[in-house]
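Peer 1: Here you go, start_15.txt (compact mmCIF, C-alpha atoms):
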# COMPACT_ATOMS: atom_id res chain seq x y z
CA MET F 1 -18.95 -24.71 4.38
CA ASN F 2 -17.98 -22.26 1.68
CA ILE F 3 -19.65 -18.93 1.11
CA ILE F 4 -18.88 -17.15 -2.12
CA ILE F 5 -19.94 -13.54 -2.35
CA ARG F 6 -20.51 -11.87 -5.66
CA ASN F 7 -19.97 -8.14 -5.24
CA THR F 8 -21.22 -7.16 -8.65
CA GLY F 9 -24.74 -7.98 -9.58
CA GLU F 10 -28.15 -7.26 -8.25
CA ILE F 11 -28.54 -9.92 -5.54
CA PRO F 12 -28.02 -8.29 -2.13
CA ILE F 13 -25.10 -9.74 -0.20
CA TYR F 14 -27.25 -10.81 2.76
CA GLU F 15 -29.46 -12.81 0.41
CA GLN F 16 -26.42 -14.53 -1.02
CA ILE F 17 -25.38 -15.58 2.49
CA VAL F 18 -28.89 -16.74 3.37
CA SER F 19 -29.27 -18.90 0.29
CA GLN F 20 -25.82 -20.46 0.64
CA VAL F 21 -26.27 -21.31 4.31
CA LYS F 22 -29.71 -22.77 3.53
CA GLY F 23 -28.11 -24.78 0.74
CA ALA F 24 -25.46 -26.15 3.10
CA ILE F 25 -28.14 -27.17 5.60
CA LEU F 26 -30.40 -28.82 3.03
CA SER F 27 -27.53 -30.73 1.44
CA GLY F 28 -26.57 -32.05 4.86
CA GLU F 29 -23.19 -30.33 4.84
CA LEU F 30 -24.30 -28.57 8.01
CA ALA F 31 -26.10 -30.80 10.48
CA GLU F 32 -28.43 -30.01 13.35
CA GLY F 33 -26.50 -28.46 16.24
CA ASP F 34 -23.50 -27.41 14.15
CA ALA F 35 -22.14 -24.03 15.17
CA LEU F 36 -22.11 -21.18 12.69
CA PRO F 37 -19.33 -18.59 12.75
CA SER F 38 -20.12 -15.53 14.83
CA ILE F 39 -21.62 -12.57 13.01
CA ARG F 40 -18.45 -10.55 13.46
CA LEU F 41 -16.11 -13.32 12.42
CA LEU F 42 -18.10 -14.01 9.26
CA ALA F 43 -18.09 -10.30 8.41
CA LYS F 44 -14.34 -10.19 8.89
CA GLU F 45 -13.65 -13.29 6.82
CA LEU F 46 -15.92 -12.19 3.98
CA ARG F 47 -14.81 -8.56 4.37
CA ILE F 48 -18.32 -7.28 4.50
CA SER F 49 -20.32 -5.18 6.90
CA VAL F 50 -21.42 -6.56 10.28
CA ILE F 51 -24.93 -5.25 9.66
CA THR F 52 -25.10 -7.31 6.47
CA THR F 53 -24.19 -10.58 8.19
CA LYS F 54 -26.49 -9.76 11.07
CA ARG F 55 -29.36 -9.31 8.70
CA ALA F 56 -28.59 -12.64 7.01
CA TYR F 57 -28.58 -14.45 10.37
CA GLU F 58 -31.83 -12.78 11.38
CA GLU F 59 -33.44 -13.97 8.17
CA LEU F 60 -32.13 -17.52 8.67
CA GLU F 61 -33.45 -17.49 12.21
CA ARG F 62 -36.84 -16.18 11.14
CA ASP F 63 -37.12 -18.96 8.57
CA GLY F 64 -36.28 -21.52 11.24
CA TYR F 65 -32.94 -22.67 9.84
CA ILE F 66 -30.81 -21.52 12.73
CA VAL F 67 -31.23 -20.61 16.37
CA THR F 68 -29.22 -17.91 18.11
CA MET F 69 -28.53 -18.13 21.80
CA SER F 70 -27.36 -14.83 23.21
CA GLY F 71 -23.75 -15.00 24.33
CA LYS F 72 -23.30 -18.46 22.83
CA GLY F 73 -23.68 -17.96 19.12
CA SER F 74 -25.78 -19.45 16.36
CA TYR F 75 -26.49 -23.10 15.64
CA VAL F 76 -28.25 -25.07 12.94
CA ALA F 77 -31.80 -25.65 14.12
CA PRO F 78 -33.49 -29.05 14.05
CA GLN F 79 -34.89 -29.35 10.54
CA ASN F 80 -38.11 -30.88 9.49
CA LEU F 81 -36.57 -31.98 6.20
CA GLU F 82 -39.80 -33.49 4.95
CA LEU F 83 -41.49 -30.13 5.31
CA VAL F 84 -38.61 -28.20 3.77
CA ARG F 85 -38.47 -30.48 0.73
CA GLU F 86 -42.22 -30.22 0.33
CA GLU F 87 -41.93 -26.45 0.31
CA GLN F 88 -39.14 -26.53 -2.24
CA ARG F 89 -41.20 -28.86 -4.40
CA ARG F 90 -44.12 -26.46 -4.31
CA ALA F 91 -41.88 -23.58 -5.35
CA LEU F 92 -40.50 -25.66 -8.21
CA GLU F 93 -43.99 -26.57 -9.42
CA GLN F 94 -44.86 -22.89 -9.50
CA HIS F 95 -41.77 -22.08 -11.60
CA LEU F 96 -42.58 -24.89 -14.02
CA THR F 97 -46.16 -23.71 -14.35
CA ASP F 98 -44.83 -20.28 -15.24
CA ALA F 99 -42.51 -21.87 -17.79
CA ILE F 100 -45.43 -23.77 -19.36
CA GLN F 101 -47.42 -20.54 -19.63
CA ALA F 102 -44.46 -18.82 -21.28
CA ALA F 103 -44.07 -21.76 -23.68
CA LYS F 104 -47.73 -21.61 -24.68
CA THR F 105 -47.48 -17.88 -25.32
CA ALA F 106 -44.45 -18.46 -27.52
CA GLY F 107 -46.09 -21.38 -29.38
CA ILE F 108 -43.59 -23.94 -28.09
CA ASN F 109 -45.12 -27.42 -27.83
CA ARG F 110 -44.71 -29.96 -25.06
CA GLN F 111 -41.99 -31.97 -26.76
CA GLU F 112 -39.91 -28.89 -27.55
CA LEU F 113 -40.29 -27.70 -23.98
CA GLN F 114 -39.16 -31.05 -22.62
CA GLU F 115 -36.15 -31.05 -24.94
CA LEU F 116 -35.28 -27.53 -23.84
CA LEU F 117 -35.54 -28.54 -20.18
CA THR F 118 -33.25 -31.54 -20.72
CA LEU F 119 -30.73 -29.39 -22.56
CA LEU F 120 -30.68 -26.69 -19.89
CA TYR F 121 -30.57 -29.23 -17.06
CA ASP F 122 -27.53 -30.94 -18.58
CA GLU F 123 -25.81 -27.64 -19.19
CA GLU F 124 -26.38 -26.56 -15.60
CA THR F 125 -25.11 -29.82 -14.11
CA GLY F 126 -22.20 -29.94 -16.53
CA ASP F 127 -23.29 -33.21 -18.17
CA GLY F 128 -24.02 -31.64 -21.52
CA MET V 1 -26.81 -1.50 20.48
CA GLN V 2 -26.13 1.76 22.25
CA PRO V 3 -24.75 4.94 20.75
CA VAL V 4 -21.03 5.60 20.98
CA ILE V 5 -21.34 9.11 19.55
CA GLU V 6 -24.38 11.39 19.76
CA ILE V 7 -24.22 14.75 18.02
CA GLN V 8 -27.09 17.21 18.27
CA GLY V 9 -27.55 20.59 16.65
CA LEU V 10 -23.83 20.96 16.04
CA ARG V 11 -22.71 24.20 14.44
CA LYS V 12 -19.28 25.56 13.60
CA GLU V 13 -18.63 28.74 11.66
CA TYR V 14 -15.48 29.55 9.80
CA ALA V 15 -15.01 32.43 7.36
CA GLY V 16 -16.66 31.17 4.20
CA PHE V 17 -17.76 27.81 5.62
CA THR V 18 -20.38 26.72 8.12
CA LEU V 19 -21.04 23.28 9.46
CA GLN V 20 -24.69 23.52 10.36
CA ASP V 21 -27.36 21.71 12.34
CA LEU V 22 -25.51 18.44 12.35
CA ASN V 23 -27.40 15.60 14.02
CA LEU V 24 -25.67 12.25 13.92
CA THR V 25 -25.86 9.15 16.10
CA ILE V 26 -23.33 6.37 15.71
CA GLU V 27 -24.00 2.95 17.20
CA GLU V 28 -21.45 0.92 19.09
CA GLY V 29 -19.88 -1.98 17.23
CA THR V 30 -20.13 -0.45 13.77
CA ILE V 31 -17.93 1.12 11.13
CA THR V 32 -19.26 4.43 9.90
CA GLY V 33 -17.89 6.00 6.73
CA LEU V 34 -17.96 9.78 6.54
CA VAL V 35 -17.95 10.69 2.88
CA GLY V 36 -18.00 14.00 1.08
CA ALA V 37 -15.88 16.20 -1.16
CA ASN V 38 -12.78 17.95 0.16
CA GLY V 39 -13.88 20.83 2.36
CA ALA V 40 -17.36 19.38 2.93
CA GLY V 41 -16.85 19.29 6.70
CA LYS V 42 -15.64 15.75 7.41
CA SER V 43 -12.42 16.72 9.19
CA THR V 44 -14.15 19.55 11.03
CA THR V 45 -16.69 17.05 12.35
CA LEU V 46 -13.94 14.70 13.56
CA LYS V 47 -12.09 17.56 15.23
CA LEU V 48 -15.28 18.70 16.95
CA ILE V 49 -15.91 15.18 18.26
CA LEU V 50 -12.39 15.24 19.70
CA ASN V 51 -12.97 18.67 21.21
CA LEU V 52 -9.95 20.02 19.32
CA VAL V 53 -11.85 23.03 18.00
CA ARG V 54 -14.48 25.14 19.73
CA ARG V 55 -18.06 24.63 18.60
CA ASP V 56 -20.56 27.45 18.16
CA ALA V 57 -23.64 25.45 19.12
CA GLY V 58 -24.87 21.96 19.87
CA THR V 59 -23.92 19.03 22.06
CA ILE V 60 -21.61 16.08 21.53
CA ARG V 61 -21.65 13.00 23.71
CA VAL V 62 -19.04 10.27 23.37
CA PHE V 63 -19.50 6.99 25.31
CA GLY V 64 -22.52 8.76 26.78
CA LEU V 65 -20.36 11.55 28.25
CA ASP V 66 -20.25 15.24 27.37
CA ASN V 67 -17.11 15.69 25.30
CA ARG V 68 -16.13 18.99 26.91
CA GLU V 69 -16.77 18.04 30.54
CA LYS V 70 -15.10 14.64 30.29
CA ASP V 71 -12.41 15.50 27.77
CA ARG V 72 -9.58 13.47 29.30
CA GLU V 73 -11.70 10.48 30.20
CA ILE V 74 -13.01 10.26 26.65
CA LYS V 75 -9.69 10.81 24.90
CA ALA V 76 -8.07 8.03 26.92
CA GLN V 77 -10.41 5.61 25.12
CA ILE V 78 -10.10 6.98 21.58
CA GLY V 79 -7.43 6.20 19.00
CA VAL V 80 -6.91 8.90 16.40
CA VAL V 81 -5.26 8.94 13.00
CA PHE V 82 -5.10 12.07 10.91
CA ASP V 83 -4.25 12.32 7.25
CA GLU V 84 -0.75 13.65 7.86
CA PRO V 85 1.58 11.34 9.78
CA CYS V 86 2.20 13.09 13.06
CA PHE V 87 5.49 11.70 14.42
CA HIS V 88 8.78 13.48 14.26
CA ASP V 89 11.13 12.26 11.53
CA ILE V 90 14.07 11.52 13.78
CA LEU V 91 12.23 9.19 16.17
CA THR V 92 12.19 5.40 15.88
CA PRO V 93 9.03 3.37 16.63
CA HIS V 94 10.83 2.20 19.76
CA GLN V 95 11.21 5.80 20.98
CA ILE V 96 7.65 6.61 19.97
CA SER V 97 6.45 3.76 22.16
CA ALA V 98 8.29 5.22 25.16
CA TYR V 99 6.83 8.66 24.46
CA MET V 100 3.28 7.38 23.98
CA GLY V 101 3.62 5.35 27.17
CA SER V 102 4.16 8.62 29.03
CA LEU V 103 0.96 10.07 27.50
CA TYR V 104 -1.45 7.17 27.80
CA ALA V 105 -1.99 5.30 31.04
CA GLY V 106 -3.31 2.35 29.04
CA TRP V 107 -0.35 2.18 26.63
CA ASP V 108 0.55 -1.46 25.91
CA ALA V 109 4.14 -1.53 24.65
CA ALA V 110 4.04 -5.29 24.03
CA PHE V 111 0.89 -4.97 21.93
CA PHE V 112 2.45 -2.06 20.02
CA GLY V 113 5.39 -4.36 19.24
CA THR V 114 2.99 -7.03 18.01
CA LEU V 115 1.25 -4.52 15.74
CA LEU V 116 4.61 -3.36 14.34
CA GLY V 117 5.38 -6.99 13.57
CA ARG V 118 2.03 -7.52 11.92
CA PHE V 119 2.69 -4.50 9.70
CA SER V 120 6.34 -5.53 9.11
CA LEU V 121 7.61 -2.22 10.51
CA PRO V 122 11.20 -2.01 11.84
CA GLU V 123 11.39 -0.90 15.48
CA LYS V 124 14.82 0.70 15.29
CA LYS V 125 14.63 2.67 12.07
CA ILE V 126 13.84 6.38 12.14
CA VAL V 127 10.49 7.50 10.73
CA LYS V 128 12.22 9.61 8.09
CA GLU V 129 13.24 6.43 6.26
CA PHE V 130 9.66 5.11 6.17
CA SER V 131 7.51 5.16 3.04
CA ARG V 132 4.13 6.86 3.15
CA GLY V 133 2.40 3.51 3.58
CA MET V 134 4.71 2.57 6.45
CA LYS V 135 4.10 5.91 8.17
CA MET V 136 0.36 5.41 7.95
CA LYS V 137 0.63 1.87 9.34
CA LEU V 138 2.77 3.25 12.16
CA SER V 139 0.12 5.88 12.95
CA ILE V 140 -2.56 3.20 13.03
CA ALA V 141 -0.48 0.92 15.27
CA ALA V 142 0.13 3.88 17.59
CA ALA V 143 -3.58 4.71 17.62
CA MET V 144 -4.51 1.17 18.63
CA ALA V 145 -1.82 0.33 21.18
CA HIS V 146 -3.60 1.81 24.20
CA HIS V 147 -6.62 -0.46 23.55
CA PRO V 148 -9.14 2.25 22.63
CA ARG V 149 -12.85 1.55 22.25
CA LEU V 150 -13.25 3.99 19.38
CA LEU V 151 -11.04 4.75 16.41
CA LEU V 152 -11.43 8.09 14.64
CA LEU V 153 -9.60 8.08 11.35
CA ASP V 154 -9.31 10.89 8.86
CA GLU V 155 -8.48 9.58 5.38
CA PRO V 156 -6.48 6.62 6.69
CA THR V 157 -6.11 4.97 3.31
CA SER V 158 -5.63 7.92 0.97
CA GLY V 159 -2.47 7.82 -1.12
CA LEU V 160 -1.75 4.20 -0.22
CA ASP V 161 -1.38 1.31 -2.61
CA PRO V 162 -4.08 -1.40 -2.68
CA LEU V 163 -1.94 -3.93 -0.80
CA VAL V 164 -1.34 -1.62 2.14
CA ARG V 165 -5.01 -0.56 2.14
CA ASP V 166 -5.94 -4.20 2.32
CA GLU V 167 -3.70 -4.86 5.34
CA ILE V 168 -5.19 -1.84 7.07
CA LEU V 169 -8.77 -2.89 6.38
CA ASP V 170 -7.99 -6.33 7.82
CA MET V 171 -6.66 -4.69 10.96
CA PHE V 172 -9.87 -2.65 11.30
CA LEU V 173 -12.04 -5.73 10.86
CA GLU V 174 -10.02 -7.50 13.53
CA PHE V 175 -10.48 -4.55 15.89
CA LEU V 176 -14.23 -4.83 15.38
CA GLN V 177 -14.33 -8.45 16.54
CA ASP V 178 -15.07 -6.94 19.94
CA ASP V 179 -18.62 -5.63 19.64
CA ARG V 180 -17.92 -2.76 22.06
CA HIS V 181 -15.46 -1.33 19.55
CA SER V 182 -16.42 1.22 16.90
CA ILE V 183 -14.73 2.98 14.02
CA VAL V 184 -15.55 6.27 12.34
CA LEU V 185 -13.48 6.96 9.28
CA SER V 186 -13.59 9.62 6.64
CA SER V 187 -12.50 8.72 3.19
CA HIS V 188 -12.90 9.72 -0.36
CA ILE V 189 -11.64 6.35 -1.47
CA THR V 190 -15.14 5.05 -1.35
CA SER V 191 -14.29 1.57 -2.63
CA ASP V 192 -12.84 0.79 0.81
CA LEU V 193 -16.07 1.87 2.44
CA GLU V 194 -18.05 -0.03 -0.13
CA LYS V 195 -16.51 -3.18 1.33
CA ILE V 196 -16.50 -2.82 5.07
CA ALA V 197 -18.67 0.09 6.26
CA ASP V 198 -21.90 -0.62 8.09
CA THR V 199 -23.31 2.85 7.64
CA ILE V 200 -22.49 5.81 5.42
CA ALA V 201 -22.89 9.47 6.38
CA LEU V 202 -22.72 11.86 3.44
CA ILE V 203 -21.70 15.41 4.28
CA ASP V 204 -21.98 18.04 1.60
CA ASN V 205 -21.14 21.69 2.01
CA GLY V 206 -21.38 21.59 5.80
CA ARG V 207 -24.64 19.67 5.95
CA LEU V 208 -25.44 16.05 6.61
CA VAL V 209 -27.31 14.78 3.54
CA PHE V 210 -28.05 11.35 5.01
CA HIS V 211 -26.78 8.72 7.44
CA GLU V 212 -27.94 5.33 6.27
CA GLU V 213 -27.05 1.65 6.39
CA LYS V 214 -24.89 0.85 3.39
CA ASP V 215 -27.09 -2.05 2.30
CA ARG V 216 -30.17 0.19 2.36
CA LEU V 217 -28.44 2.67 0.07
CA ARG V 218 -28.04 -0.05 -2.54
CA GLU V 219 -31.69 -0.98 -2.15
CA GLN V 220 -33.07 2.55 -2.33
CA TYR V 221 -30.98 4.34 -4.86
CA VAL V 222 -30.83 3.73 -8.58
CA LEU V 223 -28.81 5.23 -11.38
CA ILE V 224 -30.96 5.79 -14.44
CA LYS V 225 -29.98 6.55 -18.00
CA GLY V 226 -32.11 7.31 -21.02
CA SER V 227 -32.88 9.62 -23.89
CA SER V 228 -33.69 13.32 -23.62
CA ALA V 229 -37.28 12.56 -24.66
CA GLN V 230 -37.59 10.08 -21.78
CA LEU V 231 -36.18 12.67 -19.40
CA GLU V 232 -38.89 15.17 -20.29
CA LYS V 233 -41.61 12.73 -19.33
CA LEU V 234 -40.15 12.10 -15.87
CA ASP V 235 -41.18 13.84 -12.68
CA GLN V 236 -38.11 15.98 -11.96
CA ASN V 237 -38.74 15.71 -8.23
CA LEU V 238 -37.69 12.07 -8.41
CA LEU V 239 -34.31 12.92 -9.84
CA ILE V 240 -31.11 14.00 -8.09
CA GLY V 241 -28.33 15.71 -10.04
CA VAL V 242 -29.38 15.22 -13.65
CA ARG V 243 -26.54 15.23 -16.16
CA LYS V 244 -27.52 15.79 -19.76
CA ASN V 245 -25.31 15.19 -22.74
CA GLU V 246 -25.71 15.16 -26.52
CA TYR V 247 -27.05 11.63 -26.57
CA GLY V 248 -29.16 11.36 -23.46
CA PHE V 249 -29.05 11.85 -19.70
CA GLU V 250 -28.13 10.17 -16.48
CA ALA V 251 -29.46 10.86 -13.01
CA LEU V 252 -29.69 9.42 -9.53
CA SER V 253 -32.99 8.61 -7.88
CA LYS V 254 -33.94 7.51 -4.39
CA ASN V 255 -37.00 5.65 -5.65
CA ARG V 256 -35.60 2.44 -6.99
CA ARG V 257 -38.99 0.77 -7.46
CA GLN V 258 -40.51 3.73 -9.31
CA ALA V 259 -42.68 2.41 -12.17
CA ALA V 260 -41.85 5.47 -14.26
CA PHE V 261 -38.33 4.12 -14.68
CA ALA V 262 -39.51 1.09 -16.66
CA GLY V 263 -37.86 1.12 -20.04
CA LEU V 264 -34.89 3.14 -18.85
CA VAL V 265 -31.44 1.73 -18.24
CA THR V 266 -31.05 1.24 -14.47
CA GLU V 267 -27.97 0.38 -12.44
CA THR V 268 -27.09 0.09 -8.78
CA PRO V 269 -24.99 3.16 -7.94
CA THR V 270 -21.73 3.01 -6.04
CA ILE V 271 -21.26 5.21 -2.97
CA GLU V 272 -19.12 7.42 -5.17
CA ASP V 273 -21.98 7.84 -7.66
CA ILE V 274 -24.35 8.82 -4.86
CA MET V 275 -21.85 11.35 -3.53
CA LEU V 276 -21.23 12.87 -6.98
CA PHE V 277 -24.87 13.23 -7.94
CA TYR V 278 -25.80 14.84 -4.63
CA THR V 279 -22.94 17.32 -4.86
CA ARG V 280 -23.90 18.11 -8.43
CA SER V 281 -27.57 18.61 -7.57
CA ARG V 282 -26.66 21.18 -4.90
CA LYS V 283 -24.53 23.11 -7.34
CA GLY V 284 -27.48 23.12 -9.75
CA ASN V 285 -25.12 22.04 -12.45
CA ASN V 286 -27.73 20.40 -14.63
CA GLY V 287 -26.15 20.72 -18.00
Can you turn what I pasted into structure tokens?
Peer 2:
Amino acid sequence: MNIIIRNTGEIPIYEQIVSQVKGAILSGELAEGDALPSIRLLAKELRISVITTKRAYEELERDGYIVTMSGKGSYVAPQNLELVREEQRRALEQHLTDAIQAAKTAGINRQELQELLTLLYDEETGDG
Amino acid sequence: MQPVIEIQGLRKEYAGFTLQDLNLTIEEGTITGLVGANGAGKSTTLKLILNLVRRDAGTIRVFGLDNREKDREIKAQIGVVFDEPCFHDILTPHQISAYMGSLYAGWDAAFFGTLLGRFSLPEKKIVKEFSRGMKMKLSIAAAMAHHPRLLLLDEPTSGLDPLVRDEILDMFLEFLQDDRHSIVLSSHITSDLEKIADTIALIDNGRLVFHEEKDRLREQYVLIKGSSAQLEKLDQNLLIGVRKNEYGFEALSKNRRQAAFAGLVTETPTIEDIMLFYTRSRKGNNG
């Protein structure tokens, strides 16, 4: 697993860790039962504060992605992937609804919006 | 976590300078950065923790023990580095090891040798031939070789090039792999602290302005910039250390989410920004 921290920018470092670890779990790179680095080791490797990594792990634990056993470390929790994907899908639908509202406000029709989506999708995935 | 240092109501008077009513608790397993201008009271605080100068009021507990009653017991578990390298010019690291071994019961000559190797320091050369960076690395190796639980470091990275600073920061992070270990370091090179510190304590003119988790600072504080007209509409109580110029103003605020700042340019301040604006606001230098 790679974790890339962006020091400039507005996204707090702990959030960057949380989203990247979640990403690794959802993509299957990290499987159930895999050990995560200790809080202190991760802080050392990323050269960030221990409190920051601790907060990231607490958040991951709260969201059910990892479990921490005292004295033993943190592990990837059993995932209900069905449920996670469903949740992600709901979030995506909400974003798209927002985009449709914004398009209507700006007088952009359905076809233009679809073209824009295709263009941006290709750009993002590097196919464009 | 339990506290490694507890300071209550600490007071120290010098002619023309008073460190006053200092309350500060430092948790075990963390790195705390003491920041502040020269003469703000950072070194005085470190010396008081070490019981090197007499305090006028207050209590200091280190590892849960009173630092005057248990002076020796406490010092045996602390590693100290002061700004000025403290070894005599004509000694070699090898001789220093023998000398330190006579001072500290817990001195680990083999570990000292390992640290010298890590820092690429020659054992048989006299200190006089060392560069400033090498001397500082030697001081740090010497401070760590008796396996202390707490490192107190006064400006350990000042005057050093970025490569050496990097090596030193790595060494500190390694030390902290044991969660019973703690580091307190003062620095005005705040970029180092920006990276590794868990909490920041700002001392200004003998007073503790705040002691806060570094991440919280970034979430609370905001640097705002705008026109003079915008400045007039703002509640001045929200602003810290306003600086006006011909073309507008900039100021620090602790209320990042303040709606009144909509329409102004906002940035996340660095620790250095926070320190500068607080110092400026005390001096009332608003122009």
Peer 1: List every residue of chain V that has an atom at most 8 Å from any atom of chain F, giving for each one its closest atom pair and the distance in Å to one decimal, counting only C-alpha atoms, sorted by chain and then by ascending residue number, as JSON lines.
Peer 2:
{"residue": "V:Thr30", "atom": "CA", "partner": "F:Val50", "partner_atom": "CA", "distance": 7.2}
{"residue": "V:Ile31", "atom": "CA", "partner": "F:Ser49", "partner_atom": "CA", "distance": 8.0}
{"residue": "V:Asp170", "atom": "CA", "partner": "F:Lys44", "partner_atom": "CA", "distance": 7.5}
{"residue": "V:Leu173", "atom": "CA", "partner": "F:Lys44", "partner_atom": "CA", "distance": 5.4}
{"residue": "V:Glu174", "atom": "CA", "partner": "F:Lys44", "partner_atom": "CA", "distance": 6.9}
{"residue": "V:Leu176", "atom": "CA", "partner": "F:Arg40", "partner_atom": "CA", "distance": 7.4}
{"residue": "V:Gln177", "atom": "CA", "partner": "F:Arg40", "partner_atom": "CA", "distance": 5.6}
{"residue": "V:Asp179", "atom": "CA", "partner": "F:Arg40", "partner_atom": "CA", "distance": 7.9}
{"residue": "V:Lys195", "atom": "CA", "partner": "F:Ile48", "partner_atom": "CA", "distance": 5.5}
{"residue": "V:Ile196", "atom": "CA", "partner": "F:Ser49", "partner_atom": "CA", "distance": 4.8}
{"residue": "V:Ala197", "atom": "CA", "partner": "F:Ser49", "partner_atom": "CA", "distance": 5.6}
{"residue": "V:Asp198", "atom": "CA", "partner": "F:Ser49", "partner_atom": "CA", "distance": 5.0}
{"residue": "V:Glu213", "atom": "CA", "partner": "F:Ile51", "partner_atom": "CA", "distance": 7.9}
{"residue": "V:Asp215", "atom": "CA", "partner": "F:Thr52", "partner_atom": "CA", "distance": 7.0}
{"residue": "V:Thr268", "atom": "CA", "partner": "F:Glu10", "partner_atom": "CA", "distance": 7.4}
Peer 1: What separation in Å, quoted to one decimal, exists between atom CA of F:Met69 and atom CA of F:Leu81?
Peer 2: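 We find that atom CA of F:Met69 and atom CA of F:Leu81 lie 22.4 Å from each other.
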Peer 1: Excluding same-chain residues fewer than 4 positions from V:Leu151, what lies within 6 Å of it counting only C-alpha atoms, as a PyMOL selection string?
Peer 2: chain V and resi 78-80+183
Peer 1: In Å, rounded to a single decimal, give me how far atom CA of F:Leu83 is from atom CA of F:Ala102.
Peer 2: 29.0 Å
Peer 1: Interatomic distance between atom CA of V:Phe82 and atom CA of V:His188?
Peer 2: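 Interatomic distance here is 13.9 Å.
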Peer 1: Give one line per residue of stretch 33-91 of chain V that approaches stretch 122-144 of chain V to at most 10 Å, naming the two atoms of the closest pair and their distance in Å to one decimal, counting all atoms listed in the file; sort by chain then ascending residue number and deliver it as a Markdown table.
Peer 2:
| residue | atom | partner | partner_atom | distance |
| --- | --- | --- | --- | --- |
| V:Gln77 | CA | V:Met144 | CA | 9.8 |
| V:Ile78 | CA | V:Ala143 | CA | 8.0 |
| V:Gly79 | CA | V:Ala143 | CA | 4.4 |
| V:Val80 | CA | V:Ala143 | CA | 5.5 |
| V:Val81 | CA | V:Ser139 | CA | 6.2 |
| V:Phe82 | CA | V:Ser139 | CA | 8.4 |
| V:Asp83 | CA | V:Met136 | CA | 8.3 |
| V:Glu84 | CA | V:Met136 | CA | 8.3 |
| V:Pro85 | CA | V:Lys135 | CA | 6.2 |
| V:Cys86 | CA | V:Ser139 | CA | 7.5 |
| V:Phe87 | CA | V:Val127 | CA | 7.5 |
| V:His88 | CA | V:Val127 | CA | 7.2 |
| V:Asp89 | CA | V:Lys128 | CA | 4.5 |
| V:Ile90 | CA | V:Ile126 | CA | 5.4 |
| V:Leu91 | CA | V:Ile126 | CA | 5.2 |
Peer 1: I'd like the contact shell of F:Arg110 - 9 Å cut-off, all atoms listed in the file, skipping same-chain residues fewer than 6 positions apart - returned as a PyMOL selection string.
Peer 2: chain F and resi 100+103-104
Peer 1: Listed atoms of stretch 197-204 of chain V, axis-aligned box, 3 Å per side: centre and edge lengths to one decimal in Å, as AutoDock Vina command-line options?
Peer 2:
--center_x -21.0 --center_y 8.7 --center_z 4.8 --size_x 10.6 --size_y 24.7 --size_z 12.5
Peer 1: Considering all atoms listed in the file, state which residue in the set V:Leu238, V:Asn255, V:Gln230, V:Ser191 is at the smallest distance from V:Leu217.
Peer 2: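 Ranked by minimum distance to V:Leu217, first place goes to V:Asn255.
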Peer 1: From the options V:Pro162, V:Arg180, V:Ala145, V:Thr114, which residue's atoms come nearest to V:Met1, counting all atoms listed in the file?
Peer 2: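 The answer is V:Arg180, which sits nearest to V:Met1.
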Peer 1: Residues at most 12 Å from stretch 201-206 of chain V, counting all atoms listed in the file, excluding those fewer than 5 positions away in the same chain, as a PyMOL selection string?
Peer 2: chain V and resi 10-14+16-26+31-45+184-188+190+193+211-214+217+271-283
Peer 1: Would you please work out which residue, of F:Gln94, F:Thr118, F:Asn109, F:Ser74, is nearest to F:Ala35 when using all atoms listed in the file?
Peer 2: F:Ser74
Peer 1: Using all atoms listed in the file for the distances, tell me which of V:Phe112, V:His181, V:Val62, V:Asp192 is nearest to V:Asp166.
Peer 2: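 Of V:Phe112, V:His181, V:Val62, V:Asp192, the one nearest V:Asp166 is V:Asp192, counting all atoms listed in the file.
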